[in-house]
Amino acid sequence: MVNQFEVTLNGNKENAEGSETLLTFLNKMEVEVPSLCYHPSLGPIETCDTCIVKVNGEYVRSCSTEIKPGDIVETKSDDVHEAQIIAMDRVLGNHELYCTVCDYNNGNCEIHNAVKEMKISHQETPHTSKESPVQRNDFYRYDPDQCILCGRCVEACQDVQVTETLSIDWDLKRPRVIWDKNSPIDESSCVNCGHCSTVCPCNAMMEVGMEGEAGFLTGFREEAMRPMINITKSVETGYESLMTISDVEATMREERIKKTKTVCTYCGVGCAFDVWTKGRQVLKVEPQAEAPANGISTCVKGKFGWDFVNSEERITRPLIREGNEFREAEWEEALDLIENKFNKIKKEKGSDSLAFISSSKCTNEESYLMQKLARAVIGTNNVDNCSRYCQSPATMGLWRTVGYGGDSGGIGDIAKSELVISIGSNTVESHPVLATRVKRAQKLNGQKVIVADIRKHELADRADLFVKPAPGSDLVWLSAVTKHILDKGWHDDEFLQKHVNNVDEFIESLEPYTLEYAEEVTHLSKEELKWIAESIHEAQTTCILWAMGVTQHGGGSDTSTAISNLLLVTGNYMKPAAGAYPLRGHNNVQGASDFGSMPDRFPGYQFVTDDDVRKRFEASWGTSLPAKPGLNNHEMVEAIHDGYLNALYLKGEDMGIVDANINYVQSAFEKLDFFVVQDVFFSKTCQYADVVLPASPSFEKEGTFTNTERRFQRLYQVFEPMGESLPDWKIIMEIANTLGADWSYTHPSEIMDEAASLTPIFAGVNYERLEGYNSLQWPVAEDGTDSPLLFTEEFPLPDGKAKLHPVEWTKPLEFEEEYDIHVNNGRLLEHFHEGNLTYKSKAISGKTPSVFLEVSQELADDRGIEDGTKVKLTSPYGSVKVSCVVTDRVFGKQVYLPMNTSGEGAINYLTSSHSDKDTDTPAYKEISAKMEVLESKGESPLPRNNHRYGSPQPQIGVKVEEKWARKDYVFPGDLVKERRAKKHG
Ligand code: SF4
Ligand code: SF4
Ligand code: SF4
Ligand code: FES
């Protein structure tokens, strides 16, 4: 219960609540107090002193003082105001007020607003230069002369993003922000996540996209700017007129700067933010504290990776193949051709000779329409999406055991968990913002982190325990840990009895998984296994995160099942801060499956084989629907080779480079009678198409995405579609209508309404409920009640109980001895997937221009490899050529090839068609190759300005004590006391 008590505020009795700070209380009471260094998402930093008030006769910083019963608080007295003015004067000594010609003068500059509110008309401490040059890179810039040393950027970098690059050097004569050990930004560990520029209260740390662009009078070259500032200051005598004129200018900006809420199109974390645009120009991305998944956070891609939207390489007109060339065509001609070909092939070879592939980059509504097109218009269940390449095994593991294939809770639950176990997930690079929550919880709140991976990525490096199982052996150690927990009696008996079936059979199935056996197979020591078991036993809550290192194996579904089994045995479901977290890769990989682009399921995972379900869809869609499950992506490729599949319609998916064994996939495309590809760029896959349709990216449409937390979020249209490109939902509707459907959707909200009416788990989802930054986590009841926690009272299985599902280990593929290098592969922070979008960013490409191969020192020594050595890797399925980087992130004969290229280094020239036995997800992680050195010397593929060469300087917060200890610092409250004492003799 909240502890309420009475305090006296400016002479009046008021009620306050225990554990709130004075500043929170004052804000609630609408008593204005400046608070320049305070940011609600960062907490008290205590550097600015502007929030000084008096409590029980003593001057205190209100942002960091806890309110207590009986406190007598004064905020309006002259002496309090004097102390605040002293603090503000120091701020202005560090920050020059040239608001009218400042790009930050957009109504939200906190210094400008504080000067206005405090009615400051002059300053005692003149602004002086810190005599240190402006620092910049291609993402943001730092102007020391405008920096008020509030430390927000440092707090954000150190304790929210936890890259630990920034600090303030309080020992300098004029302190300022520094990167690492005072390196230039581009030689530091900065990952360009943009947290610092997001939280800066002024123009000191600012996105370069804003520079010279936001204001009407700001686009002057540097040498012209100083005279301009001087002119402004001489015209605007006194701060009052300066404030008035600059406020008028700021209001004029509102006309031309548009702020639109959108959701990131890159990864499954689902960051939402406002995009500031001027015409078609992106000025900046501004995350908002209210964004449910990310708050103020972004990674480099979401903050800065939007150049692709306006790229000249966009496809803006339909293209039709003529021989080996493509020619531009009118929409009408392209649609006619599609109609003729689809109808002809359907008539001659049957509906099942056509197939459809949805995109996990597209919206839920677009996934819904694609499967409706396949089922209702063509009459086939041959529809799938790229979750087949990564997520299907995780979903299968959860379906089998707990009934729903989604994260048990939200990102906030992961942050609150006592123990986080991350398995086969390069979280810091693949799910950057989610990873920051783990890093912060570990750094500040003592969260324990265990990482199981074969590569020492950042989270592994930070973990309390990092174990390196033999590749593909996770199921064995997970089962051994589960068995050890049961043997020790550490299982949650009450939970098992109440909520779980099949316990005895499961326990029996664990018999072979002794610690000895696990040690032999996985190479983890018994001590490590026991430590993991003990940690789970000791923690009140455990979350397990996993990703492609688990799923992309022959036994990926079984290993995912073993994870869920372990969580069930230890009672780590049905409570906050616990559970299963399969981290979804693409922005809408969750939603693409949720909305029915699957060969055996309608939206909401309803079976196509279920007569009642099918009847419901038939009644709504006014047509009969096929009951036989269709082909998945993997089976489609086989069927093309076998001659049973003749036409393919694929949207937003570079299958020709991201599927496994691409030589085989590309040769399948060549065999198609008719191939339609819909994309934003002319991808590798487009090269095999007969018709290429120009689609619009997320900025050019409305819709919803569902992130890894099962969270629906709306995106609003930022720009008009470029050229003749169209949002995917419109294109699908056009195609359906040319084929005789009579669809008349005018807005994606109508598509959502239809989907929700047919899908019990989305019953209460609609656009009104998702307005702005509102979100819903499925299942959503008709009245709009959503489910932040997926399981609360029962599991969605026949008798409401979960089911322990026995699994056996599937040995990874074995290769001939000559293929002696294990080729691990996966994502990279700065490029998304193959990089089709992120390479269009000059700034990102400048940091990471190409793919590279990570090689261990041991292997480098053995083969004469150094940074820049070019090698050829050859597997039984193909070969790649790539330059090396020698690193301690990989070990022995294991190398790491990120997937960020469509060129000769593309990983999928090496991978095989071998797949997970239960879902057909390619076993991307089971690949070995032989290595040949092609050129021993060469330029390193990773330029020196890449953050991986940086040298982070971890510390907690901004170390304000060092400021307070400086000889030139006096607490304004003490100064006021001193002045008053002198005055009164
Ligand atoms: S990592 Fe770089 S961009 Fe991110 S907060 Fe730190 S200094 Fe700023
Ligand atoms: S650069 Fe950092 S320390 Fe300087 S004003 Fe901005 S947030 Fe504060
Ligand atoms: S890529 Fe992922 S973590 Fe980065 S901003 Fe986008 S959604 Fe957030
Ligand atoms: S807001 Fe309290 S010290 Fe800055």
# chains A, B, ... in the order shown; residues from 1 in each chain; ligands from 1
call {"tool": "residues_around", "arguments": {"residues": "region 742-757 of chain A", "least_positions_apart": "6", "cutoff": "7 Å", "atoms": "only C-alpha atoms", "output": "list in words"}}
result
Glu365, Glu702, Gly703, Met733, Ala763, Gly764, Val765, Asn766 and Tyr767 of chain A
call {"tool": "write_last_selection", "arguments": {"atoms": "N, CA and C atoms", "output": "PDB file, in the first residue's frame"}}
result
ATOM      1  N   GLU A 365      -1.608  -6.237 -41.708  1.00  0.00           N
ATOM      2  CA  GLU A 365      -2.712  -6.179 -42.651  1.00  0.00           C
ATOM      3  C   GLU A 365      -2.272  -6.750 -43.998  1.00  0.00           C
ATOM      4  N   GLU A 702       0.371   3.221 -43.860  1.00  0.00           N
ATOM      5  CA  GLU A 702      -0.196   3.024 -42.522  1.00  0.00           C
ATOM      6  C   GLU A 702      -0.326   1.530 -42.278  1.00  0.00           C
ATOM      7  N   GLY A 703      -0.447   1.173 -41.029  1.00  0.00           N
ATOM      8  CA  GLY A 703      -0.613  -0.242 -40.728  1.00  0.00           C
ATOM      9  C   GLY A 703      -0.201  -0.517 -39.301  1.00  0.00           C
ATOM     10  N   MET A 733      -4.344  -5.953 -53.178  1.00  0.00           N
ATOM     11  CA  MET A 733      -5.768  -5.757 -53.476  1.00  0.00           C
ATOM     12  C   MET A 733      -5.984  -5.610 -54.990  1.00  0.00           C
ATOM     13  N   ALA A 763      -9.533 -10.328 -31.010  1.00  0.00           N
ATOM     14  CA  ALA A 763     -10.911  -9.828 -31.047  1.00  0.00           C
ATOM     15  C   ALA A 763     -11.025  -8.339 -30.741  1.00  0.00           C
ATOM     16  N   GLY A 764     -10.259  -7.858 -29.785  1.00  0.00           N
ATOM     17  CA  GLY A 764     -10.425  -6.466 -29.367  1.00  0.00           C
ATOM     18  C   GLY A 764      -9.445  -5.503 -30.003  1.00  0.00           C
ATOM     19  N   VAL A 765      -8.755  -5.942 -31.057  1.00  0.00           N
ATOM     20  CA  VAL A 765      -7.758  -5.053 -31.676  1.00  0.00           C
ATOM     21  C   VAL A 765      -8.440  -4.144 -32.692  1.00  0.00           C
ATOM     22  N   ASN A 766      -8.280  -2.867 -32.538  1.00  0.00           N
ATOM     23  CA  ASN A 766      -8.714  -1.938 -33.586  1.00  0.00           C
ATOM     24  C   ASN A 766      -7.853  -0.674 -33.532  1.00  0.00           C
ATOM     25  N   TYR A 767      -7.970   0.117 -34.584  1.00  0.00           N
ATOM     26  CA  TYR A 767      -7.065   1.259 -34.723  1.00  0.00           C
ATOM     27  C   TYR A 767      -7.292   2.330 -33.667  1.00  0.00           C
TER      28      TYR A 767
END
call {"tool": "select_by_dssp", "arguments": {"residues": "region 138-343 of chain A", "states": "helix (DSSP H, G or I)", "output": "JSON, numbers by chain"}}
result
{"A": [144, 145, 146, 152, 153, 154, 155, 156, 157, 158, 159, 160, 185, 186, 187, 195, 196, 197, 198, 199, 208, 209, 210, 222, 223, 224, 225, 226, 227, 228, 229, 230, 231, 232, 233, 234, 235, 238, 239, 240, 241, 242, 243, 244, 245, 246, 247, 248, 249, 250, 251, 252, 253, 254, 255, 256, 300, 301, 302, 303, 304, 307, 308, 309, 310, 331, 332, 333, 334, 335, 336, 337, 338, 339, 340, 341, 342, 343]}
call {"tool": "write_last_selection", "arguments": {"atoms": "C-alpha atoms", "output": "mmCIF file, in the first residue's frame"}}
result
data_model
loop_
_atom_site.group_PDB
_atom_site.id
_atom_site.type_symbol
_atom_site.label_atom_id
_atom_site.label_comp_id
_atom_site.auth_asym_id
_atom_site.auth_seq_id
_atom_site.Cartn_x
_atom_site.Cartn_y
_atom_site.Cartn_z
ATOM 1 C CA PRO A 144 31.293 22.059 -26.189
ATOM 2 C CA ASP A 145 30.469 25.773 -26.205
ATOM 3 C CA GLN A 146 26.773 24.999 -25.955
ATOM 4 C CA ARG A 152 22.213 13.508 -19.345
ATOM 5 C CA CYS A 153 24.104 12.196 -22.365
ATOM 6 C CA VAL A 154 26.617 10.501 -20.091
ATOM 7 C CA GLU A 155 23.911 8.910 -17.962
ATOM 8 C CA ALA A 156 22.146 7.674 -21.112
ATOM 9 C CA CYS A 157 25.338 6.297 -22.648
ATOM 10 C CA GLN A 158 26.627 4.731 -19.443
ATOM 11 C CA ASP A 159 23.483 3.380 -17.826
ATOM 12 C CA VAL A 160 20.704 3.170 -20.431
ATOM 13 C CA ILE A 185 34.025 10.310 -31.793
ATOM 14 C CA ASP A 186 34.962 8.218 -34.795
ATOM 15 C CA GLU A 187 37.841 6.568 -33.003
ATOM 16 C CA HIS A 195 20.666 8.170 -26.968
ATOM 17 C CA CYS A 196 22.910 11.117 -26.155
ATOM 18 C CA SER A 197 21.417 13.434 -28.756
ATOM 19 C CA THR A 198 17.911 12.282 -27.854
ATOM 20 C CA VAL A 199 18.226 13.278 -24.197
ATOM 21 C CA VAL A 208 23.561 16.229 -37.976
ATOM 22 C CA GLY A 209 20.336 15.887 -39.957
ATOM 23 C CA MET A 210 19.041 18.911 -38.019
ATOM 24 C CA GLU A 222 30.191 28.107 -40.131
ATOM 25 C CA GLU A 223 32.123 31.269 -40.966
ATOM 26 C CA ALA A 224 28.879 33.187 -41.579
ATOM 27 C CA MET A 225 27.219 31.862 -38.451
ATOM 28 C CA ARG A 226 29.241 33.847 -35.910
ATOM 29 C CA PRO A 227 28.400 37.263 -37.494
ATOM 30 C CA MET A 228 24.801 36.040 -37.749
ATOM 31 C CA ILE A 229 24.738 35.174 -34.047
ATOM 32 C CA ASN A 230 26.220 38.580 -33.216
ATOM 33 C CA ILE A 231 23.667 40.393 -35.364
ATOM 34 C CA THR A 232 20.845 38.475 -33.708
ATOM 35 C CA LYS A 233 22.112 39.295 -30.264
ATOM 36 C CA SER A 234 22.532 42.989 -31.041
ATOM 37 C CA VAL A 235 19.048 43.257 -32.547
ATOM 38 C CA GLY A 238 17.727 41.698 -23.482
ATOM 39 C CA TYR A 239 16.408 38.173 -23.195
ATOM 40 C CA GLU A 240 12.770 39.153 -23.331
ATOM 41 C CA SER A 241 12.873 40.259 -26.945
ATOM 42 C CA LEU A 242 15.188 37.382 -27.790
ATOM 43 C CA MET A 243 12.641 34.974 -26.373
ATOM 44 C CA THR A 244 9.755 36.647 -28.173
ATOM 45 C CA ILE A 245 11.401 36.789 -31.590
ATOM 46 C CA SER A 246 12.746 33.267 -31.357
ATOM 47 C CA ASP A 247 9.369 31.967 -30.218
ATOM 48 C CA VAL A 248 7.785 33.484 -33.314
ATOM 49 C CA GLU A 249 10.443 31.803 -35.430
ATOM 50 C CA ALA A 250 9.855 28.479 -33.633
ATOM 51 C CA THR A 251 6.131 28.732 -34.333
ATOM 52 C CA MET A 252 6.859 29.323 -38.023
ATOM 53 C CA ARG A 253 8.862 26.094 -38.030
ATOM 54 C CA GLU A 254 5.782 24.149 -36.963
ATOM 55 C CA GLU A 255 4.345 24.794 -40.396
ATOM 56 C CA ARG A 256 7.096 23.048 -42.253
ATOM 57 C CA VAL A 300 21.856 3.180 -34.924
ATOM 58 C CA LYS A 301 19.491 1.724 -37.521
ATOM 59 C CA GLY A 302 16.286 3.108 -36.065
ATOM 60 C CA LYS A 303 17.842 6.452 -35.195
ATOM 61 C CA PHE A 304 19.864 7.060 -38.326
ATOM 62 C CA ASP A 307 18.435 7.159 -46.176
ATOM 63 C CA PHE A 308 17.072 4.190 -48.093
ATOM 64 C CA VAL A 309 13.581 5.688 -48.172
ATOM 65 C CA ASN A 310 14.687 8.441 -50.540
ATOM 66 C CA TRP A 331 0.665 -0.762 -63.670
ATOM 67 C CA GLU A 332 -2.196 -1.835 -65.914
ATOM 68 C CA GLU A 333 0.063 -3.844 -68.176
ATOM 69 C CA ALA A 334 1.830 -5.518 -65.233
ATOM 70 C CA LEU A 335 -1.468 -6.406 -63.573
ATOM 71 C CA ASP A 336 -2.903 -7.765 -66.820
ATOM 72 C CA LEU A 337 0.124 -9.943 -67.291
ATOM 73 C CA ILE A 338 -0.177 -11.270 -63.729
ATOM 74 C CA GLU A 339 -3.875 -11.955 -64.206
ATOM 75 C CA ASN A 340 -3.286 -13.846 -67.474
ATOM 76 C CA LYS A 341 -0.414 -15.912 -66.159
ATOM 77 C CA PHE A 342 -1.986 -16.748 -62.787
ATOM 78 C CA ASN A 343 -5.271 -17.722 -64.427
#
call {"tool": "residues_around", "arguments": {"residues": "region 667-672 of chain A", "least_positions_apart": "4", "cutoff": "9 Å", "atoms": "only C-alpha atoms", "output": "list in words"}}
result
Val637, Glu638, Ala639, Ile640, His641, Gly643, Leu645, Asn646, Ala647, Leu648, Gly656, Ile662, Asn663, Thr685, Tyr688 and Ala689 of chain A
call {"tool": "write_last_selection", "arguments": {"atoms": "N, CA and C atoms", "output": "compact mmCIF listing (two decimals), in the first residue's frame"}}
result
# COMPACT_ATOMS: atom_id res chain seq x y z
N VAL A 637 10.49 -24.71 -52.65
CA VAL A 637 11.70 -24.81 -53.47
C VAL A 637 11.83 -26.23 -54.04
N GLU A 638 11.58 -27.21 -53.19
CA GLU A 638 11.62 -28.61 -53.65
C GLU A 638 10.60 -28.83 -54.76
N ALA A 639 9.37 -28.31 -54.53
CA ALA A 639 8.28 -28.54 -55.49
C ALA A 639 8.57 -27.87 -56.83
N ILE A 640 9.27 -26.72 -56.79
CA ILE A 640 9.63 -26.08 -58.07
C ILE A 640 10.60 -27.01 -58.82
N HIS A 641 11.60 -27.49 -58.07
CA HIS A 641 12.57 -28.40 -58.72
C HIS A 641 11.88 -29.65 -59.25
N GLY A 643 8.88 -29.78 -60.33
CA GLY A 643 7.94 -29.46 -61.40
C GLY A 643 6.50 -29.33 -60.97
N LEU A 645 5.36 -26.98 -58.76
CA LEU A 645 5.04 -25.58 -58.44
C LEU A 645 5.57 -24.71 -59.57
N ASN A 646 4.67 -23.91 -60.16
CA ASN A 646 5.07 -23.23 -61.38
C ASN A 646 5.04 -21.71 -61.32
N ALA A 647 4.29 -21.20 -60.35
CA ALA A 647 4.24 -19.73 -60.24
C ALA A 647 4.41 -19.33 -58.79
N LEU A 648 5.13 -18.24 -58.60
CA LEU A 648 5.40 -17.77 -57.24
C LEU A 648 5.21 -16.26 -57.19
N GLY A 656 16.30 -15.14 -52.55
CA GLY A 656 17.42 -15.63 -53.35
C GLY A 656 18.76 -15.42 -52.67
N ILE A 662 21.69 -21.22 -51.48
CA ILE A 662 21.07 -20.34 -52.48
C ILE A 662 21.37 -20.73 -53.92
N ASN A 663 22.45 -21.46 -54.14
CA ASN A 663 22.65 -21.93 -55.51
C ASN A 663 21.45 -22.76 -55.93
N THR A 685 16.84 -11.35 -55.62
CA THR A 685 15.72 -12.20 -56.03
C THR A 685 15.02 -11.61 -57.25
N TYR A 688 15.56 -12.77 -60.87
CA TYR A 688 14.96 -13.99 -61.41
C TYR A 688 13.49 -13.80 -61.76
N ALA A 689 12.96 -12.59 -61.52
CA ALA A 689 11.52 -12.37 -61.66
C ALA A 689 11.12 -12.18 -63.12
call {"tool": "residues_around", "arguments": {"residues": "region 379-385 of chain A", "least_positions_apart": "4", "cutoff": "6 Å", "atoms": "only C-alpha atoms", "output": "short mmCIF file (atom, residue, chain, number, x, y, z; two decimals) with C-alpha atoms, in the first residue's frame"}}
result
data_model
loop_
_atom_site.label_atom_id
_atom_site.label_comp_id
_atom_site.auth_asym_id
_atom_site.auth_seq_id
_atom_site.Cartn_x
_atom_site.Cartn_y
_atom_site.Cartn_z
CA SER A 351 -4.45 -23.88 -57.67
CA ASP A 352 -1.67 -25.69 -55.85
CA ALA A 355 2.47 -20.20 -54.13
CA PHE A 356 2.70 -16.99 -52.13
CA ILE A 357 5.36 -15.66 -49.79
CA SER A 358 4.67 -12.85 -47.36
CA SER A 359 7.20 -10.55 -45.82
CA ALA A 374 -3.78 -17.31 -51.74
CA ARG A 375 -6.70 -19.01 -50.03
CA SER A 597 0.79 -16.39 -43.83
CA MET A 598 1.41 -20.01 -42.93
CA PRO A 599 0.56 -23.11 -44.92
CA PRO A 629 -2.31 -27.68 -45.64
CA GLY A 630 -0.06 -26.12 -48.25
CA LEU A 631 3.67 -26.01 -48.83
CA ASN A 632 6.10 -24.10 -46.66
#
call {"tool": "residues_near_ligand", "arguments": {"ligand": "ligand 2", "cutoff": "6 Å", "atoms": "only C-alpha atoms and all ligand atoms", "output": "list in words"}}
result
Cys147, Ile148, Leu149, Cys150, Gly151, Arg152, Cys153, Cys200, Pro201, Ala204 and Met205 of chain A
call {"tool": "residues_around", "arguments": {"residues": "Leu758 (chain A)", "least_positions_apart": "6", "cutoff": "12 Å", "atoms": "only C-alpha atoms", "output": "ChimeraX atom specification"}}
result
/A:368,595-596,602-606,612-621,751-752,764-765,782
call {"tool": "select_by_dssp", "arguments": {"residues": "region 182-331 of chain A", "states": "strand (DSSP E or B)", "output": "number ranges by chain"}}
result
A: 183, 205-207, 257-263, 267, 272-278, 281-287, 314, 319-322, 325-328
call {"tool": "residues_near_ligand", "arguments": {"ligand": "ligand 3", "cutoff": "8 Å", "atoms": "only C-alpha atoms and all ligand atoms", "output": "list in words"}}
result
Val263, Cys264, Thr265, Tyr266, Cys267, Gly268, Val269, Gly270, Cys271, Ala272, Asn294, Ser297, Thr298, Cys299, Val300, Lys301, Gly302, Lys303, Ser430, His431, Pro432, Val433, Leu434, Asn587 and Phe832 of chain A
call {"tool": "write_last_selection", "arguments": {"atoms": "C-alpha atoms", "output": "mmCIF file, in the first residue's frame"}}
result
data_model
loop_
_atom_site.group_PDB
_atom_site.id
_atom_site.type_symbol
_atom_site.label_atom_id
_atom_site.label_comp_id
_atom_site.auth_asym_id
_atom_site.auth_seq_id
_atom_site.Cartn_x
_atom_site.Cartn_y
_atom_site.Cartn_z
ATOM 1 C CA VAL A 263 7.567 2.035 -35.759
ATOM 2 C CA CYS A 264 11.032 0.878 -36.735
ATOM 3 C CA THR A 265 11.200 -1.298 -39.824
ATOM 4 C CA TYR A 266 14.320 -3.171 -38.781
ATOM 5 C CA CYS A 267 14.278 -5.612 -35.857
ATOM 6 C CA GLY A 268 11.644 -7.256 -33.703
ATOM 7 C CA VAL A 269 12.212 -5.060 -30.640
ATOM 8 C CA GLY A 270 9.610 -2.708 -32.098
ATOM 9 C CA CYS A 271 10.976 0.706 -31.234
ATOM 10 C CA ALA A 272 8.500 3.492 -31.866
ATOM 11 C CA ASN A 294 11.803 1.374 -26.175
ATOM 12 C CA SER A 297 16.033 4.223 -26.756
ATOM 13 C CA THR A 298 17.017 3.391 -30.310
ATOM 14 C CA CYS A 299 19.926 1.718 -32.021
ATOM 15 C CA VAL A 300 21.856 3.180 -34.924
ATOM 16 C CA LYS A 301 19.491 1.724 -37.521
ATOM 17 C CA GLY A 302 16.286 3.108 -36.065
ATOM 18 C CA LYS A 303 17.842 6.452 -35.195
ATOM 19 C CA SER A 430 20.477 -8.414 -33.144
ATOM 20 C CA HIS A 431 18.068 -6.860 -30.636
ATOM 21 C CA PRO A 432 20.064 -3.841 -29.531
ATOM 22 C CA VAL A 433 17.517 -1.945 -27.476
ATOM 23 C CA LEU A 434 16.270 -5.053 -25.717
ATOM 24 C CA ASN A 587 10.209 -6.034 -37.218
ATOM 25 C CA PHE A 832 20.179 -5.231 -41.014
#
call {"tool": "residues_around", "arguments": {"residues": "Leu770 (chain A)", "least_positions_apart": "5", "cutoff": "10 Å", "atoms": "only C-alpha atoms", "output": "PyMOL selection string"}}
result
chain A and resi 704+712-715+765+775-776
call {"tool": "closest_residue", "arguments": {"among": "A:Ala114, A:Val718, A:Val191, A:Ala16", "to": "ligand 4", "atoms": "only C-alpha atoms and all ligand atoms"}}
result
A:Ala114
call {"tool": "residues_around", "arguments": {"residues": "Arg61 (chain A)", "least_positions_apart": "3", "cutoff": "12 Å", "atoms": "only C-alpha atoms", "output": "PyMOL selection string"}}
result
chain A and resi 21-23+33-38+44-55+58+64-67+73+75+80+83-84+87+971-973
call {"tool": "closest_residue", "arguments": {"among": "A:Gly740, A:Gly579, A:Leu478, A:Met396", "to": "Val420 (chain A)", "atoms": "only C-alpha atoms"}}
result
A:Gly579
call {"tool": "closest_residue", "arguments": {"among": "A:Ile411, A:Gly406, A:Ala562, A:Glu511", "to": "Ile423 (chain A)", "atoms": "only C-alpha atoms"}}
result
A:Ala562
call {"tool": "closest_residue", "arguments": {"among": "A:Leu567, A:Glu290, A:Trp809, A:Lys347", "to": "Ala518 (chain A)", "atoms": "only C-alpha atoms"}}
result
A:Trp809
call {"tool": "atom_distance", "arguments": {"atom1": "CA of Glu854 (chain A)", "atom2": "CA of Pro876 (chain A)"}}
result
20.9 Å
call {"tool": "closest_residue", "arguments": {"among": "A:Arg141, A:Lys76, A:Lys259, A:Arg584", "to": "ligand 1", "atoms": "only C-alpha atoms and all ligand atoms"}}
result
A:Arg141
call {"tool": "atom_distance", "arguments": {"atom1": "CA of Tyr59 (chain A)", "atom2": "CA of Trp964 (chain A)"}}
result
15.4 Å
call {"tool": "atom_distance", "arguments": {"atom1": "CA of Ala580 (chain A)", "atom2": "CA of Leu828 (chain A)"}}
result
23.7 Å
call {"tool": "closest_residue", "arguments": {"among": "A:Asp558, A:Glu817, A:Glu700, A:Glu96", "to": "Glu720 (chain A)", "atoms": "only C-alpha atoms"}}
result
A:Glu700
call {"tool": "decode", "arguments": {"residues": "region 291-333 of chain A", "atoms": "C-alpha atoms", "output": "PDB file, in the first residue's frame"}}
result
ATOM      1  CA  ALA A 291       6.995   4.441 -26.484  1.00  0.00           C
ATOM      2  CA  PRO A 292       6.038   1.133 -24.870  1.00  0.00           C
ATOM      3  CA  ALA A 293       8.907  -1.065 -26.045  1.00  0.00           C
ATOM      4  CA  ASN A 294      11.803   1.374 -26.175  1.00  0.00           C
ATOM      5  CA  GLY A 295      11.076   4.597 -24.302  1.00  0.00           C
ATOM      6  CA  ILE A 296      13.932   6.968 -25.179  1.00  0.00           C
ATOM      7  CA  SER A 297      16.033   4.223 -26.756  1.00  0.00           C
ATOM      8  CA  THR A 298      17.017   3.391 -30.310  1.00  0.00           C
ATOM      9  CA  CYS A 299      19.926   1.718 -32.021  1.00  0.00           C
ATOM     10  CA  VAL A 300      21.856   3.180 -34.924  1.00  0.00           C
ATOM     11  CA  LYS A 301      19.491   1.724 -37.521  1.00  0.00           C
ATOM     12  CA  GLY A 302      16.286   3.108 -36.065  1.00  0.00           C
ATOM     13  CA  LYS A 303      17.842   6.452 -35.195  1.00  0.00           C
ATOM     14  CA  PHE A 304      19.864   7.060 -38.326  1.00  0.00           C
ATOM     15  CA  GLY A 305      19.196   4.344 -40.918  1.00  0.00           C
ATOM     16  CA  TRP A 306      16.539   5.981 -43.086  1.00  0.00           C
ATOM     17  CA  ASP A 307      18.435   7.159 -46.176  1.00  0.00           C
ATOM     18  CA  PHE A 308      17.072   4.190 -48.093  1.00  0.00           C
ATOM     19  CA  VAL A 309      13.581   5.688 -48.172  1.00  0.00           C
ATOM     20  CA  ASN A 310      14.687   8.441 -50.540  1.00  0.00           C
ATOM     21  CA  SER A 311      17.320   6.421 -52.348  1.00  0.00           C
ATOM     22  CA  GLU A 312      17.538   6.883 -56.099  1.00  0.00           C
ATOM     23  CA  GLU A 313      17.860   3.133 -56.338  1.00  0.00           C
ATOM     24  CA  ARG A 314      14.214   2.663 -55.317  1.00  0.00           C
ATOM     25  CA  ILE A 315      12.042   0.860 -57.851  1.00  0.00           C
ATOM     26  CA  THR A 316       9.364   3.370 -58.704  1.00  0.00           C
ATOM     27  CA  ARG A 317       7.613   1.730 -61.663  1.00  0.00           C
ATOM     28  CA  PRO A 318       6.589  -1.846 -62.447  1.00  0.00           C
ATOM     29  CA  LEU A 319       9.216  -3.773 -64.425  1.00  0.00           C
ATOM     30  CA  ILE A 320       8.548  -6.540 -66.930  1.00  0.00           C
ATOM     31  CA  ARG A 321      11.177  -8.980 -68.133  1.00  0.00           C
ATOM     32  CA  GLU A 322      12.099  -9.003 -71.785  1.00  0.00           C
ATOM     33  CA  GLY A 323      14.715 -11.653 -72.421  1.00  0.00           C
ATOM     34  CA  ASN A 324      17.570 -10.883 -70.061  1.00  0.00           C
ATOM     35  CA  GLU A 325      16.474  -7.287 -69.522  1.00  0.00           C
ATOM     36  CA  PHE A 326      13.680  -5.537 -67.699  1.00  0.00           C
ATOM     37  CA  ARG A 327      11.640  -2.691 -69.097  1.00  0.00           C
ATOM     38  CA  GLU A 328       9.450  -0.229 -67.262  1.00  0.00           C
ATOM     39  CA  ALA A 329       5.731  -0.755 -67.655  1.00  0.00           C
ATOM     40  CA  GLU A 330       2.437   0.760 -66.652  1.00  0.00           C
ATOM     41  CA  TRP A 331       0.665  -0.762 -63.670  1.00  0.00           C
ATOM     42  CA  GLU A 332      -2.196  -1.835 -65.914  1.00  0.00           C
ATOM     43  CA  GLU A 333       0.063  -3.844 -68.176  1.00  0.00           C
TER      44      GLU A 333
END
